[in-house]
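Enquirer: Mind looking over this structure? Questions follow.
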Protein chains: 2
Amino acid sequence: MDSEAQHDPRRHVAIIGAGFAGLNLIANLNPKHTRATLIDQRNHHTFQPLLYQVAAAQLDAGDVARHVRGIIAGRSHARFRYGKVTAADFDAHTLTFEDGGTLPYDDLVIAAGAVYSDFGVPGIKDHAFVLKSVSDAVRLRSHLLKQIEQAAHTDASGDSGRMRIVIVGGGPTGVELAGALSELAYHAMPKDYPDLDLHSVDIQLVEMTDALLPSFSAKSQRYAERVLKRRGVTLRMNTAVAAAESDAVILADGERIPTHTLVWAAGVEAHPLAGALDVPTGPGGRINVGSNLQVLDLPHVYAAGDIAASPGPDGRPLPQVAPVAIQQGKYLGKILSRETGNRKPEPPFRYVDKGSMAIVGRNAGVAELSKRFGGFAMRGFIGWLAWLVIHLIYLPGHMNRLSAFIRWSYEYVTWDKHARLIHEPETRG
Amino acid sequence: MDSEAQHDPRRHVAIIGAGFAGLNLIANLNPKHTRATLIDQRNHHTFQPLLYQVAAAQLDAGDVARHVRGIIAGRSHARFRYGKVTAADFDAHTLTFEDGGTLPYDDLVIAAGAVYSDFGVPGIKDHAFVLKSVSDAVRLRSHLLKQIEQAAHTDASGDSGRMRIVIVGGGPTGVELAGALSELAYHAMPKDYPDLDLHSVDIQLVEMTDALLPSFSAKSQRYAERVLKRRGVTLRMNTAVAAAESDAVILADGERIPTHTLVWAAGVEAHPLAGALDVPTGPGGRINVGSNLQVLDLPHVYAAGDIAASPGPDGRPLPQVAPVAIQQGKYLGKILSRETGNRKPEPPFRYVDKGSMAIVGRNAGVAELSKRFGGFAMRGFIGWLAWLVIHLIYLPGHMNRLSAFIRWSYEYVTWDKHARLIHEPETRG
């Protein structure tokens with residue numbers, strides 16, 4: 001299908017990954033000098049910051065994902081290739097796909113993102129839920145709702161595991177999920193389960209360090225802790241997990257917490273593609289790149305977003321967060337659009353940290369602007385509102401934005417959680 | 001959890017199935033004399049008439065399903081039991097569930113619906129897609145979109161099967177799906193696949209008899225045929241299917257049609273629960289009931305909807321369509337609400353046939369009122385509009401209605417199909 005490659009004088013950029021980096025790169029390429037193929041093993045962009053809302057029955061799966069072809073429609077310089085890259089020949093400038101196909105490129109950008117990391121803790125792979133894809137979120141939601149349904153018609157008092165949710169990791173995902181599940185269990189669901197005491201649902205958030213939300217100020221961290229505690233979440237700080245079993249999680253001090261629902265939000269590592277390709281990687285499997293995001297010693301090969309270890313001003317790698325990926329995508333879009341033969345030394349990529357935001361629950365968010373932007377912090381209702389507005393703006397697709405906005409409005413007024421389907425894998429008959 | 005049963009003087013009606021019959025029954029019970037437990041093996045009501053729109057990427061899975069507890073919320077006489085009934089003791093008045101639980105009842109209503117029937121055609125079970133549940137619809141959609149994606153980067157000319165969809169069954173489901181897929185392939189998708197000739201998608205509708213839409217007038221049947229042909233669907237009338245293979249469907253005359261996408265919409269049979277219980281069944285496995293919907297020779301046991309063979313005015317069983325189930329549910333709601341000890345002979349159930357409606361595609365519907373309601377027929381835009389309005393009214397849940405309405409409006413204006421996620425079963429990493 002790449003017959004136009006022979007005739008098209010424009011440079012061809014292949015981008016692996018339709019995440020924040022890839023989408024922003026495509027949007028910032030100059031179609032006059034460059035054409036691009038966006039590659040992903042899923043046919044949709046996953047808006048990861050809202051996956052926890054799918055797990056908590058607030059949004060439907062379709063609200064937080066948008067098919068890539070719909071996003072790039074109208075950009076005549078952009079093509080989409082559905083498939084999984086398994087190898088790259090950096091000399092021949094060719095990618096190979098799992099299905100046997102190949103794709104030549106002039107410039108390659110590796111932006112495949114991150115996957116969860118179990119950090120070697122035994123049992124996590126088999127017994128924990130994670131939140132990295134739409135299917136992950138739907139699976140966690142279906143499991144949670146099934147636990148509640150089963151508790152509703154059995155005597156659950158002898159089986160504390162069924163009514164306990166243990167979330168490991170006090171970063172934004174863990175905090176946001178804990179807050180959303182407390183609202184689901186203690187406010188949205190009780191009226192639908194008149195025979196069940198949903199206050200017996202026990203939500204525990206386990207964090208290895210002594211603070212939630214590591215990238216925030218101490219004041220915001222304490223605020224998040226206060227809100228979660230007030231809303232019924234048990235916080236276990238300075239607590240490490242040693243192992244997971246099918247019906248319990250084992251802490252480092254030997255304590256055994258019975259649970260049928262363990263969520264692992266403790267951290268990520270680079271997508272395994274980084275290890276599969278012959279590129280230099282560092283801690284967390286991330287690809288080492290220079291100040292212009294070029295993979296060290298590999299001209300025409302770049303890495304961006306969570307899969308890359310891009311040096312920050314202090315020399316340490318930049319954090320694996322959406323704003324870094326977005327800015328790196330935009331940067332590469334401009335860099336790679338410059339006319340061939342007229343490429344001056346590229347200005348280095350500089351990350352502009354605008355701040356951080358996280359939602360703790362209804363009417364409770366924290367949004368902190370970085371010092372450069374005034375160092376202003378918003379907590380509570382105003383922080384929550386800021387979070388909603390920013391996420392609506394960044395959610396791709398008019399229909400997704402409209403749908404999420406309507407659902408949020410509906411749920412804010414009614415306290416009802418609408419997206420409560422249990423997806424059954426077996427369906428015939 | 002049924003401790004209140006001992007104290008509650010009201011009769012307890014157990015209803016198996018949260019379909020049209022079950023929901024309308026619950027809504028028409030008199031809470032003064034009756035309480036009810038609605039039982040389903042899914043936690044949601046599936047609005048089956050719109051499943052084909054999920055398969056055709058027009059609606060999201062969550063739009064055509066609503067969790068049962070949300071539907072019955074506010075009805076203090078109604079409870080929901082999530083689970084699969086495996087046995088009934090009609091003497092002891094007790095149901096047994098797959099999970100080991102039991103439920104006593106005073107009156108039992110079996111309304112578990114229908115499942116697809118392969119009528120003994122070999123290979124259908126393994127190689128055909130069906131459209132009876134939300135998961136079925138999502139699976140068909142994901143498969144279809146994958147076929148197109150794969151065709152987009154491989155030379156599909158040597159493999160005609162990949163670009164061919166064969167739908168077996170010219171009833172409303174087959175007709176509606178064929179029309180929706182032609183719109184998807186020939187109008188909605190081409191702009192997103194600039195390198196692929198989507199007019200090479202070959203949609204074939206196979207019907208055993210000489211007419212589509214058997215319950216409609218000859219004029220409407222011919223209208224549907226004309227519209228589908230004009231929109232690129234190949235009709236194969238008087239054609240029976242002999243077998244299905246992984247990459248082809250074999251017709252009765254021996255012809256082999258290569259296809260990777262076979263949809264079986266040829267017919268249904270009663271839910272297997274009918275055969276598992278000790279009740280009299282007839283053709284299609286349907287439970288034989290009397291004129292008051294009571295299962296023959298089993299006092300306090302009733303059947304309604306697609307699982308029941310309820311005699312019509314001509315003595316033949318009523319059709320397995322939503323209006324019958326709705327009216328039977330309402331009828332039983334009233335019958336079972338009457339005070340114990342004061343039960344006069346029940347008036348027999350009489351089905352009021354208001355007519356039939358089906359959608360053939362954009363701006364093209366057929367809606368026929370029965371003779372009793374004037375025998376008026378609407379075809380084309382007005383029939384299409386009537387279909388949309390009626391289905392919006394019957395779709396349960398304000399959010400579902402709002403969401404479907406917005407999506408339909410959006411798609412009508414933009415020609416875009418929004419719900420195009422390929423759900424991947426494997427998600428970790």
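Chains: A, B, ... in order of the structure tokens. Residues: from 1 per chain. Ligands: from 1, in order shown.
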As a list in words, please: the residues near range 227-229 of chain A (cut-off 9 Å, only C-alpha atoms, same-chain neighbours under 5 positions excluded).
Expert: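 Using only C-alpha atoms, the neighbours found are Val175, Ala178, Gly179, Ser182, Arg222, Thr234, Leu235, Val360, Gly361 and Ala364 of chain A.
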Enquirer: Please provide as a ChimeraX atom specification all residues within 12 Å of Val279 in chain A, with the sequence filter that same-chain residues fewer than 3 positions apart are discarded (counting only C-alpha atoms).
Expert: /A:87-90,110,272-276,282,285-289,294-299,301-303,307-308
Enquirer: Excluding Ala322 in chain B and its own-chain neighbours fewer than 5 positions away, which residues fall within 12 Å of it when counting only C-alpha atoms? Please give them as a list in words.
Expert: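 In the requested format, the answer is Gly19, Phe20, Ala21, Gly22, Leu23, Asn24, Thr46, Phe47, Gln48, Pro49, Gly113, Ala114, Ala304, Gly305, Asp306, Ile307, Gln327, Gln328, Gly329, Tyr351, Asp353, Lys354, Gly355, Ser356, Met357, His391, Tyr394 and Leu395 of chain B.
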Enquirer: Selection from above, N, CA and C atoms, as a PDB file, in the first residue's frame, can you write it?
Expert:
ATOM      1  N   GLY B  19     -35.659  -9.137  30.420  1.00  0.00           N
ATOM      2  CA  GLY B  19     -35.939  -8.638  29.080  1.00  0.00           C
ATOM      3  C   GLY B  19     -37.198  -7.802  29.064  1.00  0.00           C
ATOM      4  N   PHE B  20     -37.798  -7.672  27.899  1.00  0.00           N
ATOM      5  CA  PHE B  20     -38.998  -6.846  27.780  1.00  0.00           C
ATOM      6  C   PHE B  20     -40.135  -7.379  28.652  1.00  0.00           C
ATOM      7  N   ALA B  21     -40.317  -8.698  28.691  1.00  0.00           N
ATOM      8  CA  ALA B  21     -41.392  -9.266  29.493  1.00  0.00           C
ATOM      9  C   ALA B  21     -41.163  -8.990  30.979  1.00  0.00           C
ATOM     10  N   GLY B  22     -39.976  -9.320  31.457  1.00  0.00           N
ATOM     11  CA  GLY B  22     -39.681  -9.155  32.876  1.00  0.00           C
ATOM     12  C   GLY B  22     -39.790  -7.718  33.343  1.00  0.00           C
ATOM     13  N   LEU B  23     -39.229  -6.785  32.561  1.00  0.00           N
ATOM     14  CA  LEU B  23     -39.260  -5.377  32.982  1.00  0.00           C
ATOM     15  C   LEU B  23     -40.687  -4.834  32.994  1.00  0.00           C
ATOM     16  N   ASN B  24     -41.494  -5.216  32.000  1.00  0.00           N
ATOM     17  CA  ASN B  24     -42.865  -4.710  31.975  1.00  0.00           C
ATOM     18  C   ASN B  24     -43.720  -5.369  33.047  1.00  0.00           C
ATOM     19  N   THR B  46     -30.639  -5.962  27.988  1.00  0.00           N
ATOM     20  CA  THR B  46     -30.088  -5.739  26.654  1.00  0.00           C
ATOM     21  C   THR B  46     -31.213  -5.304  25.725  1.00  0.00           C
ATOM     22  N   PHE B  47     -31.075  -4.139  25.138  1.00  0.00           N
ATOM     23  CA  PHE B  47     -32.095  -3.656  24.208  1.00  0.00           C
ATOM     24  C   PHE B  47     -31.756  -4.247  22.837  1.00  0.00           C
ATOM     25  N   GLN B  48     -32.231  -5.460  22.624  1.00  0.00           N
ATOM     26  CA  GLN B  48     -31.802  -6.227  21.452  1.00  0.00           C
ATOM     27  C   GLN B  48     -32.082  -5.551  20.104  1.00  0.00           C
ATOM     28  N   PRO B  49     -33.176  -4.779  19.954  1.00  0.00           N
ATOM     29  CA  PRO B  49     -33.428  -4.181  18.632  1.00  0.00           C
ATOM     30  C   PRO B  49     -32.306  -3.269  18.140  1.00  0.00           C
ATOM     31  N   GLY B 113     -36.255 -15.575  27.500  1.00  0.00           N
ATOM     32  CA  GLY B 113     -35.993 -15.157  26.125  1.00  0.00           C
ATOM     33  C   GLY B 113     -35.548 -16.272  25.205  1.00  0.00           C
ATOM     34  N   ALA B 114     -34.864 -15.873  24.152  1.00  0.00           N
ATOM     35  CA  ALA B 114     -34.451 -16.819  23.119  1.00  0.00           C
ATOM     36  C   ALA B 114     -32.958 -16.698  22.882  1.00  0.00           C
ATOM     37  N   ALA B 304     -43.474 -16.209  29.617  1.00  0.00           N
ATOM     38  CA  ALA B 304     -43.818 -15.041  28.791  1.00  0.00           C
ATOM     39  C   ALA B 304     -42.648 -14.686  27.892  1.00  0.00           C
ATOM     40  N   GLY B 305     -42.964 -13.990  26.824  1.00  0.00           N
ATOM     41  CA  GLY B 305     -41.928 -13.533  25.902  1.00  0.00           C
ATOM     42  C   GLY B 305     -41.468 -14.635  24.959  1.00  0.00           C
ATOM     43  N   ASP B 306     -40.258 -14.479  24.438  1.00  0.00           N
ATOM     44  CA  ASP B 306     -39.754 -15.380  23.397  1.00  0.00           C
ATOM     45  C   ASP B 306     -39.672 -16.839  23.824  1.00  0.00           C
ATOM     46  N   ILE B 307     -39.570 -17.086  25.132  1.00  0.00           N
ATOM     47  CA  ILE B 307     -39.412 -18.474  25.588  1.00  0.00           C
ATOM     48  C   ILE B 307     -40.743 -19.212  25.607  1.00  0.00           C
ATOM     49  N   GLN B 327     -46.414  -6.858  26.058  1.00  0.00           N
ATOM     50  CA  GLN B 327     -47.825  -6.980  26.442  1.00  0.00           C
ATOM     51  C   GLN B 327     -48.040  -8.144  27.407  1.00  0.00           C
ATOM     52  N   GLN B 328     -47.290  -9.210  27.232  1.00  0.00           N
ATOM     53  CA  GLN B 328     -47.424 -10.336  28.159  1.00  0.00           C
ATOM     54  C   GLN B 328     -46.911  -9.958  29.542  1.00  0.00           C
ATOM     55  N   GLY B 329     -45.812  -9.180  29.568  1.00  0.00           N
ATOM     56  CA  GLY B 329     -45.310  -8.719  30.861  1.00  0.00           C
ATOM     57  C   GLY B 329     -46.341  -7.873  31.586  1.00  0.00           C
ATOM     58  N   TYR B 351     -53.226 -10.637  22.488  1.00  0.00           N
ATOM     59  CA  TYR B 351     -52.179  -9.819  21.874  1.00  0.00           C
ATOM     60  C   TYR B 351     -52.795  -8.807  20.928  1.00  0.00           C
ATOM     61  N   ASP B 353     -51.892  -6.628  18.048  1.00  0.00           N
ATOM     62  CA  ASP B 353     -50.836  -6.408  17.056  1.00  0.00           C
ATOM     63  C   ASP B 353     -50.965  -4.993  16.514  1.00  0.00           C
ATOM     64  N   LYS B 354     -50.012  -4.134  16.893  1.00  0.00           N
ATOM     65  CA  LYS B 354     -50.088  -2.746  16.428  1.00  0.00           C
ATOM     66  C   LYS B 354     -49.405  -2.580  15.082  1.00  0.00           C
ATOM     67  N   GLY B 355     -48.603  -3.566  14.707  1.00  0.00           N
ATOM     68  CA  GLY B 355     -47.903  -3.472  13.424  1.00  0.00           C
ATOM     69  C   GLY B 355     -46.450  -3.848  13.569  1.00  0.00           C
ATOM     70  N   SER B 356     -45.676  -3.570  12.543  1.00  0.00           N
ATOM     71  CA  SER B 356     -44.260  -3.939  12.548  1.00  0.00           C
ATOM     72  C   SER B 356     -43.449  -2.785  11.986  1.00  0.00           C
ATOM     73  N   MET B 357     -42.208  -2.718  12.400  1.00  0.00           N
ATOM     74  CA  MET B 357     -41.341  -1.720  11.796  1.00  0.00           C
ATOM     75  C   MET B 357     -39.910  -2.245  11.696  1.00  0.00           C
ATOM     76  N   HIS B 391     -38.092   3.636  18.935  1.00  0.00           N
ATOM     77  CA  HIS B 391     -36.992   2.965  19.629  1.00  0.00           C
ATOM     78  C   HIS B 391     -36.387   3.840  20.715  1.00  0.00           C
ATOM     79  N   TYR B 394     -38.716   3.439  23.736  1.00  0.00           N
ATOM     80  CA  TYR B 394     -38.653   2.160  24.445  1.00  0.00           C
ATOM     81  C   TYR B 394     -37.293   1.860  25.056  1.00  0.00           C
ATOM     82  N   LEU B 395     -36.261   2.540  24.587  1.00  0.00           N
ATOM     83  CA  LEU B 395     -34.920   2.324  25.157  1.00  0.00           C
ATOM     84  C   LEU B 395     -34.947   2.710  26.634  1.00  0.00           C
TER      85      LEU B 395
END
Enquirer: Using only C-alpha atoms, determine which residues of chain A fall within 7 Å of chain B; present them as a PyMOL selection string.
Expert: chain A and resi 1+43-44+60+62+67+69-70+73+82+115+133+135-136+149+153-154+192+195+271+419-424+427+429
Enquirer: Would you mind exporting the chosen residues as a short mmCIF file (atom, residue, chain, number, x, y, z; two decimals), in the first residue's frame, restricted to N, CA and C atoms?
Expert:
data_model
loop_
_atom_site.label_atom_id
_atom_site.label_comp_id
_atom_site.auth_asym_id
_atom_site.auth_seq_id
_atom_site.Cartn_x
_atom_site.Cartn_y
_atom_site.Cartn_z
N MET A 1 0.83 -1.20 0.00
CA MET A 1 0.00 0.00 0.00
C MET A 1 0.87 1.26 0.00
N ASN A 43 -6.46 0.12 17.54
CA ASN A 43 -6.96 1.01 16.50
C ASN A 43 -7.42 2.34 17.09
N HIS A 44 -7.18 2.53 18.40
CA HIS A 44 -7.66 3.74 19.04
C HIS A 44 -6.60 4.34 19.94
N ASP A 60 -18.23 5.39 29.98
CA ASP A 60 -18.22 4.20 29.15
C ASP A 60 -16.87 4.05 28.47
N GLY A 62 -16.15 3.67 25.44
CA GLY A 62 -16.03 4.48 24.23
C GLY A 62 -15.75 5.95 24.50
N HIS A 67 -10.98 6.26 17.85
CA HIS A 67 -10.25 5.53 16.82
C HIS A 67 -9.30 6.48 16.09
N ARG A 69 -8.00 6.65 13.14
CA ARG A 69 -8.32 7.19 11.81
C ARG A 69 -9.26 8.40 11.91
N GLY A 70 -10.11 8.40 12.90
CA GLY A 70 -10.97 9.55 13.11
C GLY A 70 -10.18 10.77 13.55
N ALA A 73 -8.14 12.00 10.47
CA ALA A 73 -8.92 12.29 9.26
C ALA A 73 -8.77 13.76 8.89
N TYR A 82 -2.35 -0.21 11.40
CA TYR A 82 -2.75 -1.03 12.55
C TYR A 82 -1.85 -2.24 12.61
N VAL A 115 4.17 0.36 30.09
CA VAL A 115 3.27 -0.67 30.60
C VAL A 115 3.46 -0.73 32.12
N SER A 133 -5.14 0.01 29.76
CA SER A 133 -5.90 0.00 28.52
C SER A 133 -7.39 0.01 28.83
N SER A 135 -9.55 -2.13 27.89
CA SER A 135 -9.97 -3.47 28.30
C SER A 135 -9.61 -3.73 29.77
N ASP A 136 -8.44 -3.24 30.19
CA ASP A 136 -8.09 -3.37 31.61
C ASP A 136 -9.17 -2.74 32.48
N GLU A 149 -22.38 -7.87 43.40
CA GLU A 149 -23.58 -8.66 43.12
C GLU A 149 -23.57 -9.96 43.91
N HIS A 153 -26.25 -11.45 47.51
CA HIS A 153 -27.14 -12.58 47.76
C HIS A 153 -26.46 -13.72 48.51
N THR A 154 -25.29 -13.43 49.08
CA THR A 154 -24.67 -14.42 49.95
C THR A 154 -24.29 -13.72 51.24
N ASP A 192 -29.32 1.25 45.22
CA ASP A 192 -29.62 0.12 44.34
C ASP A 192 -29.45 -1.23 45.02
N ASP A 195 -30.57 -4.41 50.25
CA ASP A 195 -30.35 -5.50 51.18
C ASP A 195 -28.89 -5.66 51.58
N HIS A 271 7.57 0.38 27.48
CA HIS A 271 6.94 -0.65 26.65
C HIS A 271 8.01 -1.66 26.21
N ALA A 419 -22.44 3.79 33.95
CA ALA A 419 -21.76 2.79 33.11
C ALA A 419 -21.48 1.52 33.91
N ARG A 420 -22.53 0.77 34.23
CA ARG A 420 -22.36 -0.34 35.16
C ARG A 420 -22.60 -1.69 34.54
N LEU A 421 -22.22 -1.88 33.28
CA LEU A 421 -22.37 -3.20 32.66
C LEU A 421 -21.28 -4.14 33.14
N ILE A 422 -21.68 -5.35 33.44
CA ILE A 422 -20.71 -6.43 33.61
C ILE A 422 -20.57 -7.09 32.25
N HIS A 423 -19.39 -6.97 31.66
CA HIS A 423 -19.16 -7.61 30.37
C HIS A 423 -18.82 -9.07 30.60
N GLU A 424 -19.60 -9.94 30.03
CA GLU A 424 -19.39 -11.37 30.19
C GLU A 424 -18.58 -11.85 29.00
N THR A 427 -20.86 -15.60 25.86
CA THR A 427 -22.09 -14.90 25.50
C THR A 427 -23.04 -15.74 24.69
N GLY A 429 -25.74 -18.07 23.87
CA GLY A 429 -26.81 -18.82 24.51
C GLY A 429 -27.17 -18.28 25.86
#
Enquirer: Might you pull out every residue within 12 Å of Ser200 in chain B, with only C-alpha atoms counted and same-chain residues fewer than 5 positions away left off, and present them as a PDB file with C-alpha atoms, in the first residue's frame?
Expert:
ATOM      1  CA  ILE B 148     -10.760  -3.726   7.119  1.00  0.00           C
ATOM      2  CA  ALA B 151      -7.008  -5.192   4.141  1.00  0.00           C
ATOM      3  CA  ALA B 152      -5.720  -1.619   4.374  1.00  0.00           C
ATOM      4  CA  ALA B 156      -6.495  -8.173  -0.462  1.00  0.00           C
ATOM      5  CA  SER B 157      -7.212  -8.814  -4.125  1.00  0.00           C
ATOM      6  CA  ASP B 159      -8.266 -12.987  -0.797  1.00  0.00           C
ATOM      7  CA  SER B 160     -11.835 -12.086  -1.560  1.00  0.00           C
ATOM      8  CA  GLY B 161     -12.991 -13.573   1.750  1.00  0.00           C
ATOM      9  CA  ARG B 162     -11.563 -10.732   3.783  1.00  0.00           C
ATOM     10  CA  MET B 163     -13.669  -8.088   2.090  1.00  0.00           C
ATOM     11  CA  ARG B 164     -16.888 -10.086   2.019  1.00  0.00           C
ATOM     12  CA  ILE B 165     -19.595 -10.104   4.684  1.00  0.00           C
ATOM     13  CA  SER B 182     -23.409  -0.751   3.689  1.00  0.00           C
ATOM     14  CA  ALA B 185     -18.417   0.644   4.409  1.00  0.00           C
ATOM     15  CA  TYR B 186     -19.517   2.810   1.497  1.00  0.00           C
ATOM     16  CA  PRO B 190     -13.883   5.708   2.846  1.00  0.00           C
ATOM     17  CA  GLY B 232     -24.829  -2.101  -2.729  1.00  0.00           C
ATOM     18  CA  VAL B 233     -26.076  -5.172  -0.875  1.00  0.00           C
TER      19      VAL B 233
END
Enquirer: With distances taken over only C-alpha atoms, which residue among A:Ile359, A:Ala211, A:Ile124, A:Leu293 lies nearest Ile335 in chain A?
Expert: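 Of the candidates, the smallest distance to Ile335 in chain A is held by A:Leu293.
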Enquirer: Rank nothing, just name the residue among B:Gly312, B:Ala248, B:Ser370, B:Ala240 nearest to Phe119 in chain B, using only C-alpha atoms.
Expert: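 Result for the nearest residue to Phe119 in chain B: B:Ala240.
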Enquirer: With distances taken over only C-alpha atoms, which residue among A:Gln53, A:Thr34, A:Ser246, A:Ser310 lies nearest Leu140 in chain A?
Expert: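 Going through A:Gln53, A:Thr34, A:Ser246, A:Ser310 one by one, the smallest distance to Leu140 in chain A is for A:Gln53.
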Enquirer: Applying 6 Å and only C-alpha atoms, which residues near Ala242 in chain A remain after dropping the ones on its own chain fewer than 6 positions away? List them as a list in words.
Expert: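 Counting only C-alpha atoms, the residues come to Ile250, Leu251 and Ala252 of chain A.
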Enquirer: At a cut-off of 12 Å, using only C-alpha atoms, what residues contact Arg350 in chain A? Leave out same-chain residues fewer than 2 positions from it and give the result as a short mmCIF file (atom, residue, chain, number, x, y, z; two decimals) with C-alpha atoms, in the first residue's frame.
Expert:
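Full text of part.cif as output:
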data_model
loop_
_atom_site.label_atom_id
_atom_site.label_comp_id
_atom_site.auth_asym_id
_atom_site.auth_seq_id
_atom_site.Cartn_x
_atom_site.Cartn_y
_atom_site.Cartn_z
CA GLY A 290 19.92 13.11 23.68
CA SER A 291 18.73 16.63 24.18
CA ASN A 292 17.09 16.60 20.72
CA LEU A 293 15.29 13.28 21.56
CA SER A 310 14.96 12.36 28.12
CA PRO A 311 17.35 14.36 30.29
CA GLY A 312 15.75 17.14 32.32
CA PRO A 313 17.48 20.34 33.47
CA ASP A 314 18.97 18.53 36.48
CA LEU A 318 11.93 13.73 32.82
CA PRO A 323 2.61 16.87 29.45
CA VAL A 324 6.15 15.66 28.70
CA ALA A 325 4.83 13.40 25.91
CA GLN A 327 5.54 18.70 24.42
CA GLN A 328 7.97 16.16 23.00
CA LYS A 330 5.12 18.95 19.32
CA TYR A 331 8.90 19.45 19.41
CA LEU A 332 9.57 16.50 17.12
CA GLU A 346 18.36 21.56 16.33
CA PRO A 347 17.54 23.55 19.44
CA PRO A 348 17.41 21.11 22.36
CA VAL A 352 8.07 23.48 30.37
CA ASP A 353 6.57 22.20 33.59
#
Enquirer: Name the residues in contact with Ser220 in chain B at a cut-off of 10 Å, using only C-alpha atoms, excluding same-chain residues fewer than 3 positions from it; report them as a JSON list (two decimals) with N, CA and C atoms, in the first residue's frame.
Expert:
[["chain", "number", "residue", "atom", "x", "y", "z"],
["B", 212, "LEU", "N", -37.78, -10.79, 1.76],
["B", 212, "LEU", "CA", -37.24, -10.26, 3.00],
["B", 212, "LEU", "C", -38.39, -9.91, 3.94],
["B", 213, "LEU", "N", -38.08, -9.65, 5.20],
["B", 213, "LEU", "CA", -39.05, -9.14, 6.17],
["B", 213, "LEU", "C", -40.39, -9.89, 6.10],
["B", 214, "PRO", "N", -40.42, -11.16, 6.46],
["B", 214, "PRO", "CA", -41.60, -12.00, 6.28],
["B", 214, "PRO", "C", -42.90, -11.44, 6.87],
["B", 215, "SER", "N", -42.84, -10.67, 7.94],
["B", 215, "SER", "CA", -44.09, -10.24, 8.55],
["B", 215, "SER", "C", -44.67, -8.98, 7.88],
["B", 216, "PHE", "N", -44.01, -8.48, 6.84],
["B", 216, "PHE", "CA", -44.47, -7.24, 6.22],
["B", 216, "PHE", "C", -45.24, -7.50, 4.93],
["B", 217, "SER", "N", -45.89, -6.46, 4.43],
["B", 217, "SER", "CA", -46.64, -6.58, 3.18],
["B", 217, "SER", "C", -45.67, -6.73, 2.01],
["B", 223, "TYR", "N", -39.90, -2.89, -1.29],
["B", 223, "TYR", "CA", -39.22, -1.64, -0.98],
["B", 223, "TYR", "C", -37.86, -1.93, -0.33],
["B", 224, "ALA", "N", -37.86, -2.81, 0.66],
["B", 224, "ALA", "CA", -36.62, -3.15, 1.36],
["B", 224, "ALA", "C", -35.60, -3.74, 0.38],
["B", 225, "GLU", "N", -36.06, -4.62, -0.49],
["B", 225, "GLU", "CA", -35.15, -5.22, -1.47],
["B", 225, "GLU", "C", -34.54, -4.15, -2.37],
["B", 226, "ARG", "N", -35.40, -3.23, -2.86],
["B", 226, "ARG", "CA", -34.93, -2.18, -3.74],
["B", 226, "ARG", "C", -33.87, -1.32, -3.05],
["B", 358, "ALA", "N", -39.23, -1.79, 10.68],
["B", 358, "ALA", "CA", -37.83, -2.16, 10.49],
["B", 358, "ALA", "C", -37.15, -1.02, 9.76],
["B", 365, "GLY", "N", -37.00, 3.52, 6.15],
["B", 365, "GLY", "CA", -37.58, 2.58, 7.09],
["B", 365, "GLY", "C", -38.92, 2.11, 6.56],
["B", 366, "VAL", "N", -39.41, 1.01, 7.15],
["B", 366, "VAL", "CA", -40.78, 0.60, 6.86],
["B", 366, "VAL", "C", -41.49, 0.43, 8.19],
["B", 367, "ALA", "N", -42.65, 1.04, 8.29],
["B", 367, "ALA", "CA", -43.48, 0.92, 9.49],
["B", 367, "ALA", "C", -44.90, 0.66, 9.01],
["B", 368, "GLU", "N", -45.45, -0.45, 9.45],
["B", 368, "GLU", "CA", -46.80, -0.80, 9.02],
["B", 368, "GLU", "C", -47.69, -0.96, 10.23],
["B", 377, "ALA", "N", -49.35, 2.26, 6.10],
["B", 377, "ALA", "CA", -47.93, 1.91, 5.94],
["B", 377, "ALA", "C", -47.10, 3.16, 5.67],
["B", 378, "MET", "N", -45.94, 3.22, 6.33],
["B", 378, "MET", "CA", -45.02, 4.33, 6.08],
["B", 378, "MET", "C", -43.71, 3.74, 5.57],
["B", 379, "ARG", "N", -43.26, 4.25, 4.46],
["B", 379, "ARG", "CA", -42.00, 3.78, 3.92],
["B", 379, "ARG", "C", -41.11, 4.97, 3.62],
["B", 380, "GLY", "N", -39.81, 4.74, 3.67],
["B", 380, "GLY", "CA", -38.88, 5.82, 3.36],
["B", 380, "GLY", "C", -38.55, 6.65, 4.58]]
Enquirer: Please run DSSP on the backbone and report, as a PyMOL selection string, all residues within range 4-43 of chain A that come out as strand (DSSP E).
Expert: chain A and resi 11-16+34-40
Enquirer: I need the alpha helix (DSSP H) residues of range 107-163 of chain B per DSSP on the backbone, written as a list in words.
Expert: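 Of range 107-163 of chain B, only Ile124, Lys125, Asp126, His127, Val134, Ser135, Asp136, Ala137, Val138, Arg139, Leu140, Arg141, Ser142, His143, Leu144, Leu145, Lys146, Gln147, Ile148, Glu149, Gln150, Ala151, Ala152 and His153 of chain B fall in alpha helix (DSSP H).
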Enquirer: In Å, rounded to a single decimal, give me how far CA of His187 in chain B is from CA of Val206 in chain B.
Expert: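 Taking CA of Val206 in chain B as the start and CA of His187 in chain B as the end point, the length is 22.7 Å.
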